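One structure is given below, encoded as structure tokens.
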Amino acid sequence: MRKLTEYVEMAAEEYLQETGKAELDSLWLAEFFQDGGVMDDYPSQNLVGFYALVQKALTIKIEKAEKLARLQQEKSERSAKR
């Protein structure tokens with residue numbers, strides 16, 4: 001059995017790869033919740049709570065990616081000025 005945090009990270013990563021969107025689609029997540037094994041491993045976990053966890057993880061992933069892109073852009077701009 002996987003940890004709930006592993007399911008959260010898997011869902012956020014998979015959603016980001018499939019859609020590239022920052023706002024989590026509830027139908028997509030409901031399908032993941034059922035077909036991904038979350039419901040089987042954590043029958044007391046409700047979908048609304050899982051949605052909040054995945055949305056938070058998704059937001060963090062996007063913020064990190066944006067920060068990395070800004071840092072790389074600043075680095076290339078500094079290199080171009082030399």
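Note on naming: chains are A, B, ... as they come in the structure tokens, residues start from 1 per chain, ligands start from 1 in the order shown.
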Residues within 9 Å of region 56-68 of chain A, please, as a PyMOL selection string. Count only C-alpha atoms; anything in the same chain fewer than 5 positions from it doesn't count. chain A and resi 8-9+11-13+15-16+21-24+51+73
Close residues, Gly37 (chain A) itself excluded, 9 Å, only C-alpha atoms, min 5 positions apart in chain, as a PyMOL selection string: chain A and resi 7+32+42
Could you dump the residues just selected with N, CA and C atoms as a PDB file, in the first residue's frame?
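part28.pdb, freshly written:
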```
ATOM      1  N   TYR A   7       0.300   9.148  -3.405  1.00  0.00           N
ATOM      2  CA  TYR A   7      -0.823   9.304  -4.336  1.00  0.00           C
ATOM      3  C   TYR A   7      -1.019  10.770  -4.710  1.00  0.00           C
ATOM      4  N   PHE A  32      -8.962   9.600 -11.231  1.00  0.00           N
ATOM      5  CA  PHE A  32      -7.701   9.159 -10.633  1.00  0.00           C
ATOM      6  C   PHE A  32      -7.958   8.555  -9.259  1.00  0.00           C
ATOM      7  N   TYR A  42      -7.369   3.807   0.757  1.00  0.00           N
ATOM      8  CA  TYR A  42      -7.811   4.743   1.794  1.00  0.00           C
ATOM      9  C   TYR A  42      -9.326   4.958   1.689  1.00  0.00           C
TER      10      TYR A  42
END
```
I'd like the interatomic distance between CA of Gln72 (chain A) and CA of Gln55 (chain A), to a tenth of an Å.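 Computed distance, CA of Gln72 (chain A) to CA of Gln55 (chain A), equals 25.7 Å.
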From a DSSP pass on the backbone, collect the residues of chain A flagged as alpha helix (DSSP H) and hand them back as a PyMOL selection string. chain A and resi 4-19+26-35+38-41+47-81
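Distances here use only C-alpha atoms; by that measure, the residue among A:Glu6, A:Ala80, A:Asp25, A:Phe33 closest to Gln45 (chain A) is A:Phe33.
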